[in-house]
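J.: final.cif is reproduced below (mmCIF, C-alpha atoms).
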data_target
#
loop_
_atom_site.label_atom_id
_atom_site.label_comp_id
_atom_site.auth_asym_id
_atom_site.auth_seq_id
_atom_site.Cartn_x
_atom_site.Cartn_y
_atom_site.Cartn_z
CA MET A 1 28.37 95.43 72.21
CA ARG A 2 26.23 93.99 69.42
CA ALA A 3 27.01 94.97 65.85
CA ARG A 4 24.36 96.97 64.04
CA LYS A 5 22.18 94.95 61.71
CA THR A 6 22.81 95.33 58.02
CA GLU A 7 20.07 96.39 55.62
CA THR A 8 19.99 92.81 54.34
CA GLU A 9 19.42 91.41 57.84
CA ILE A 10 16.68 93.95 58.51
CA ARG A 11 14.94 93.12 55.23
CA GLN A 12 15.18 89.38 55.90
CA GLU A 13 13.60 89.87 59.34
CA GLN A 14 10.79 91.91 57.75
CA ILE A 15 10.15 89.14 55.23
CA VAL A 16 10.05 86.42 57.89
CA GLN A 17 7.78 88.48 60.14
CA ALA A 18 5.45 89.18 57.20
CA ALA A 19 5.28 85.45 56.44
CA LEU A 20 4.46 84.71 60.07
CA GLU A 21 1.67 87.31 60.05
CA LEU A 22 0.20 85.97 56.79
CA ILE A 23 0.13 82.42 58.16
CA GLY A 24 -1.59 83.67 61.31
CA GLU A 25 -4.22 85.60 59.37
CA GLN A 26 -4.86 83.32 56.37
CA GLY A 27 -3.22 79.96 57.04
CA LEU A 28 -0.30 78.16 55.44
CA SER A 29 -2.16 77.58 52.18
CA ALA A 30 -2.35 81.34 51.53
CA LEU A 31 1.40 81.85 51.89
CA SER A 32 3.16 82.79 48.66
CA ILE A 33 6.16 84.83 47.59
CA ALA A 34 3.84 87.38 45.98
CA ALA A 35 1.75 87.76 49.14
CA ILE A 36 4.83 88.12 51.34
CA ALA A 37 6.36 90.68 49.01
CA GLU A 38 3.15 92.71 48.95
CA ARG A 39 3.00 92.67 52.77
CA VAL A 40 6.60 93.90 53.01
CA GLY A 41 6.11 96.49 50.27
CA ILE A 42 8.57 95.13 47.73
CA VAL A 43 8.30 93.35 44.39
CA PRO A 44 8.70 89.54 44.32
CA SER A 45 12.00 89.78 42.45
CA ALA A 46 13.43 91.82 45.34
CA LEU A 47 12.33 89.15 47.81
CA TYR A 48 14.14 86.49 45.77
CA ARG A 49 17.39 88.30 46.48
CA HIS A 50 16.98 87.23 50.12
CA PHE A 51 15.23 83.88 49.86
CA LYS A 52 15.31 81.55 46.86
CA SER A 53 11.87 80.04 47.53
CA LYS A 54 8.86 79.88 49.81
CA ASP A 55 10.46 76.83 51.44
CA GLU A 56 13.47 78.92 52.44
CA VAL A 57 11.13 81.49 53.97
CA LEU A 58 9.36 78.76 55.97
CA ASP A 59 12.69 77.45 57.21
CA ALA A 60 13.56 80.98 58.34
CA VAL A 61 10.17 81.24 60.11
CA LEU A 62 10.96 78.05 62.02
CA GLU A 63 14.37 79.41 62.96
CA LEU A 64 12.77 82.63 64.23
CA LEU A 65 10.32 80.70 66.40
CA ARG A 66 13.09 78.43 67.72
CA SER A 67 15.19 81.42 68.71
CA ARG A 68 12.22 83.11 70.42
CA LEU A 69 11.28 80.00 72.40
CA LEU A 70 14.83 79.42 73.61
CA ALA A 71 15.32 83.13 74.29
CA ASN A 72 12.30 82.99 76.60
CA VAL A 73 13.94 80.16 78.57
CA ALA A 74 17.15 82.19 78.86
CA LEU A 75 15.26 85.31 79.93
CA VAL A 76 13.37 83.66 82.78
CA ARG A 77 16.66 82.23 84.03
CA GLN A 78 18.00 85.79 84.28
CA GLU A 79 14.86 87.16 85.91
CA THR A 80 14.64 84.87 88.93
CA PRO A 81 16.70 82.06 90.50
CA GLU A 82 13.70 80.07 91.77
CA ALA A 83 12.46 77.20 89.60
CA LEU A 84 8.70 77.58 90.15
CA GLN A 85 8.84 81.30 89.40
CA ARG A 86 10.89 80.58 86.29
CA LEU A 87 8.26 78.15 85.06
CA ARG A 88 5.41 80.55 85.78
CA ARG A 89 7.16 83.36 83.93
CA LEU A 90 7.96 81.04 81.04
CA LEU A 91 4.30 80.06 80.77
CA MET A 92 3.25 83.70 80.62
CA ARG A 93 5.96 84.54 78.08
CA HIS A 94 4.83 81.64 75.92
CA VAL A 95 1.22 82.81 76.07
CA GLN A 96 2.30 86.35 75.19
CA MET A 97 4.21 84.98 72.20
CA LEU A 98 1.08 83.15 71.05
CA SER A 99 -1.15 86.17 71.51
CA GLU A 100 1.24 88.29 69.44
CA ASN A 101 0.94 85.88 66.52
CA ARG A 102 -1.65 83.19 65.90
CA ALA A 103 0.66 81.48 63.40
CA VAL A 104 2.83 79.84 66.07
CA PRO A 105 0.73 76.67 66.59
CA GLN A 106 0.08 76.42 62.84
CA VAL A 107 3.79 76.51 62.11
CA VAL A 108 4.99 74.29 64.95
CA PHE A 109 2.21 71.72 65.14
CA SER A 110 0.75 71.54 61.63
CA ASP A 111 1.58 68.54 59.43
CA ALA A 112 1.23 70.85 56.43
CA ILE A 113 4.49 72.63 57.15
CA TYR A 114 6.64 69.52 56.95
CA THR A 115 4.72 67.02 54.80
CA GLY A 116 7.15 65.96 52.09
CA HIS A 117 10.00 67.77 53.88
CA PRO A 118 11.76 65.32 56.24
CA GLU A 119 14.52 67.88 56.97
CA ARG A 120 11.95 70.43 58.11
CA LYS A 121 10.15 67.80 60.19
CA ALA A 122 13.48 67.10 61.89
CA LYS A 123 13.93 70.83 62.54
CA VAL A 124 10.50 71.04 64.18
CA ALA A 125 11.34 68.00 66.32
CA GLN A 126 14.68 69.53 67.34
CA MET A 127 13.00 72.83 68.23
CA ILE A 128 10.38 71.20 70.46
CA THR A 129 12.98 68.88 72.01
CA ALA A 130 15.28 71.82 72.80
CA TYR A 131 12.41 73.78 74.38
CA LEU A 132 11.32 70.79 76.45
CA GLY A 133 14.95 70.31 77.42
CA GLY A 134 15.09 73.84 78.80
CA ILE A 135 11.96 73.20 80.85
CA GLN A 136 13.38 69.91 82.11
CA GLU A 137 16.56 71.65 83.28
CA ILE A 138 14.51 74.15 85.30
CA LEU A 139 12.51 71.29 86.83
CA GLU A 140 15.66 69.35 87.71
CA GLU A 141 17.18 72.45 89.31
CA GLY A 142 13.96 72.88 91.31
CA LYS A 143 14.31 69.32 92.59
CA GLN A 144 17.88 70.05 93.65
CA GLU A 145 16.92 73.27 95.43
CA GLY A 146 13.97 71.59 97.17
CA THR A 147 11.13 73.61 95.63
CA ILE A 148 9.96 70.82 93.32
CA ARG A 149 9.02 67.33 94.48
CA ARG A 150 11.80 64.75 94.31
CA ASP A 151 9.50 62.18 92.69
CA ILE A 152 8.68 64.43 89.72
CA VAL A 153 9.98 63.09 86.39
CA PRO A 154 11.22 66.22 84.57
CA SER A 155 10.57 64.88 81.05
CA THR A 156 6.95 64.05 81.95
CA ALA A 157 6.34 67.33 83.79
CA ALA A 158 7.83 69.28 80.85
CA VAL A 159 5.29 67.74 78.46
CA MET A 160 2.52 68.51 80.97
CA PHE A 161 3.77 72.10 81.07
CA LEU A 162 3.53 72.31 77.28
CA GLY A 163 0.07 70.78 77.59
CA MET A 164 -1.14 73.87 79.43
CA ILE A 165 -0.29 75.92 76.34
CA LEU A 166 -0.96 73.88 73.21
CA PRO A 167 -4.71 73.18 73.64
CA ALA A 168 -5.23 76.81 74.64
CA ALA A 169 -3.44 77.95 71.48
CA VAL A 170 -5.62 75.69 69.34
CA LEU A 171 -8.82 76.90 71.02
CA TRP A 172 -7.73 80.52 70.63
CA ASN A 173 -7.04 79.92 66.96
CA ILE A 174 -10.28 78.14 66.06
CA SER A 175 -12.41 80.55 68.11
CA GLU A 176 -11.00 83.53 66.16
CA GLY A 177 -9.58 84.94 69.36
CA ARG A 178 -12.65 84.57 71.57
CA PHE A 179 -10.91 82.04 73.84
CA ASP A 180 -8.45 83.89 76.07
CA PRO A 181 -5.20 81.90 76.53
CA LEU A 182 -3.92 84.35 79.17
CA VAL A 183 -6.97 83.80 81.40
CA HIS A 184 -6.55 80.06 80.87
CA ALA A 185 -2.85 80.17 81.78
CA GLU A 186 -3.47 82.18 84.93
CA SER A 187 -6.14 79.66 85.96
CA ALA A 188 -4.13 76.55 84.99
CA TRP A 189 -0.85 77.56 86.61
CA PRO A 190 -1.90 77.13 90.29
CA ALA A 191 -3.12 73.58 89.60
CA PHE A 192 0.12 72.67 87.81
CA ALA A 193 2.23 74.27 90.54
CA ARG A 194 0.39 72.30 93.25
CA CYS A 195 1.15 69.08 91.40
CA ILE A 196 4.90 69.64 91.22
CA ALA A 197 5.71 71.84 94.23
CA ALA A 198 7.51 70.32 97.18
CA HIS A 199 5.50 70.46 100.40
CA ARG A 200 7.41 72.29 103.07
#
Now that the file is in, can you turn its structure into structure tokens?

T.:
Amino acid sequence: MRARKTETEIRQEQIVQAALELIGEQGLSALSIAAIAERVGIVPSALYRHFKSKDEVLDAVLELLRSRLLANVALVRQETPEALQRLRRLLMRHVQMLSENRAVPQVVFSDAIYTGHPERKAKVAQMITAYLGGIQEILEEGKQEGTIRRDIVPSTAAVMFLGMILPAAVLWNISEGRFDPLVHAESAWPAFARCIAAHR
């Protein structure tokens, strides 16, 4: 049984979520302690009790996104034992995550978040590597079970999988939501699946 969250943990989550929303709506350049505090409904001095700086908030945002990405991998593993179905569900969960917050590609793939911060750049690299690693494991398991072609290179196919999502996220962002990443994902998935599925 999970312990109940403390008031401090709840407030920290509210602050991080507010920062994520502000980035999605106004971009990284608009992010400030004052703007985050206003969004949460507290004064800036109260926010400083939880995070010492905007950089600490950004690090917490990255940690939140990392945990959500890896949680999605864990969830699809619980939902179905079959590799192709796991990948399809993961694609849809990823798209849902993007549609819930436009900040995700800005945070993960924008140079602005880690320019001058080599530690943060390393964190972003570790997050993407861990996510790709989860996809590779599913692909390798699919090869073992016979649902995915034996000649598929999991590391290459994992990057291709991410390639179904990233351009769609960028297009959705720059079109102010007019491009529909869910429609794209539903259309792109069959083509990707045909490329990697074992022929029986």

J.: Show me, as a count of residues only, the residues that have an atom within 12 Å of region 113-125 of chain A when counting only C-alpha atoms, minus same-chain residues fewer than 4 positions from it.

T.: 30

J.: May I have the residues within 12 Å of Ala46 (chain A) as a VMD selection string, using all atoms listed in the file and disregarding those fewer than 5 positions away in the same chain?

T.: chain A and resid 8 11 to 12 15 33 to 34 36 to 38 40 to 41 51 to 52

J.: Could you tell me which of A:Leu98, A:Val170, A:Met164, A:Lys143 comes closest to Ser187 (chain A) if we count only C-alpha atoms?

T.: A:Met164

J.: Quick one: everything within 9 Å of Ile135 (chain A), counting all atoms listed in the file, minus sequence neighbours fewer than 3 positions away in the same chain. Send it as a count of residues only.

T.: 15

J.: For Arg93 (chain A), which residue out of A:Glu186, A:Ala197, A:His50, A:Thr156 is the nearest one, using only C-alpha atoms?

T.: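 Result for the nearest residue to Arg93 (chain A): A:Glu186.
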
J.: Quick one: apply the PyMOL selection byres ((chain A and resi 101) around 10) to the file and drop the selected residues here as number ranges by chain.

T.: A: 17, 20-25, 96-100, 102-105, 173

J.: Those selected residues, please, written with C-alpha atoms and delivered as a JSON list (two decimals), in the frame of the given file.

T.:
[["chain", "number", "residue", "atom", "x", "y", "z"],
["A", 17, "GLN", "CA", 7.78, 88.48, 60.14],
["A", 20, "LEU", "CA", 4.46, 84.71, 60.07],
["A", 21, "GLU", "CA", 1.67, 87.31, 60.05],
["A", 22, "LEU", "CA", 0.20, 85.97, 56.79],
["A", 23, "ILE", "CA", 0.13, 82.42, 58.16],
["A", 24, "GLY", "CA", -1.59, 83.67, 61.31],
["A", 25, "GLU", "CA", -4.22, 85.60, 59.37],
["A", 96, "GLN", "CA", 2.30, 86.35, 75.19],
["A", 97, "MET", "CA", 4.21, 84.98, 72.20],
["A", 98, "LEU", "CA", 1.08, 83.15, 71.05],
["A", 99, "SER", "CA", -1.15, 86.17, 71.51],
["A", 100, "GLU", "CA", 1.24, 88.29, 69.44],
["A", 102, "ARG", "CA", -1.65, 83.19, 65.90],
["A", 103, "ALA", "CA", 0.66, 81.48, 63.40],
["A", 104, "VAL", "CA", 2.83, 79.84, 66.07],
["A", 105, "PRO", "CA", 0.73, 76.67, 66.59],
["A", 173, "ASN", "CA", -7.04, 79.92, 66.96]]

J.: Record the distance separating CA of Gln26 (chain A) and CA of Asp111 (chain A), expressed in Å with one decimal.

T.: 16.4 Å

J.: Which is closest to Ala168 (chain A) among A:Ala112, A:Val153, A:Ala185, A:Ile196, if we use all atoms listed in the file?

T.: A:Ala185

J.: Find, counting only C-alpha atoms, the residue in A:Arg86, A:Ile128, A:Pro181, A:Trp189 that gets nearest to Leu69 (chain A).

T.: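 Of A:Arg86, A:Ile128, A:Pro181, A:Trp189, the one nearest Leu69 (chain A), counting only C-alpha atoms, is A:Ile128.
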
J.: Take CA of Arg77 (chain A) and CA of Leu162 (chain A) and report the distance between them in Å, one decimal.

T.: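 Computing it gives 17.8 Å between the two atoms.
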
J.: At what distance in Å, to one decimal, does CA of Arg149 (chain A) lie from CA of Cys195 (chain A)?

T.: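 Separation between CA of Cys195 (chain A) and CA of Arg149 (chain A): 8.6 Å.
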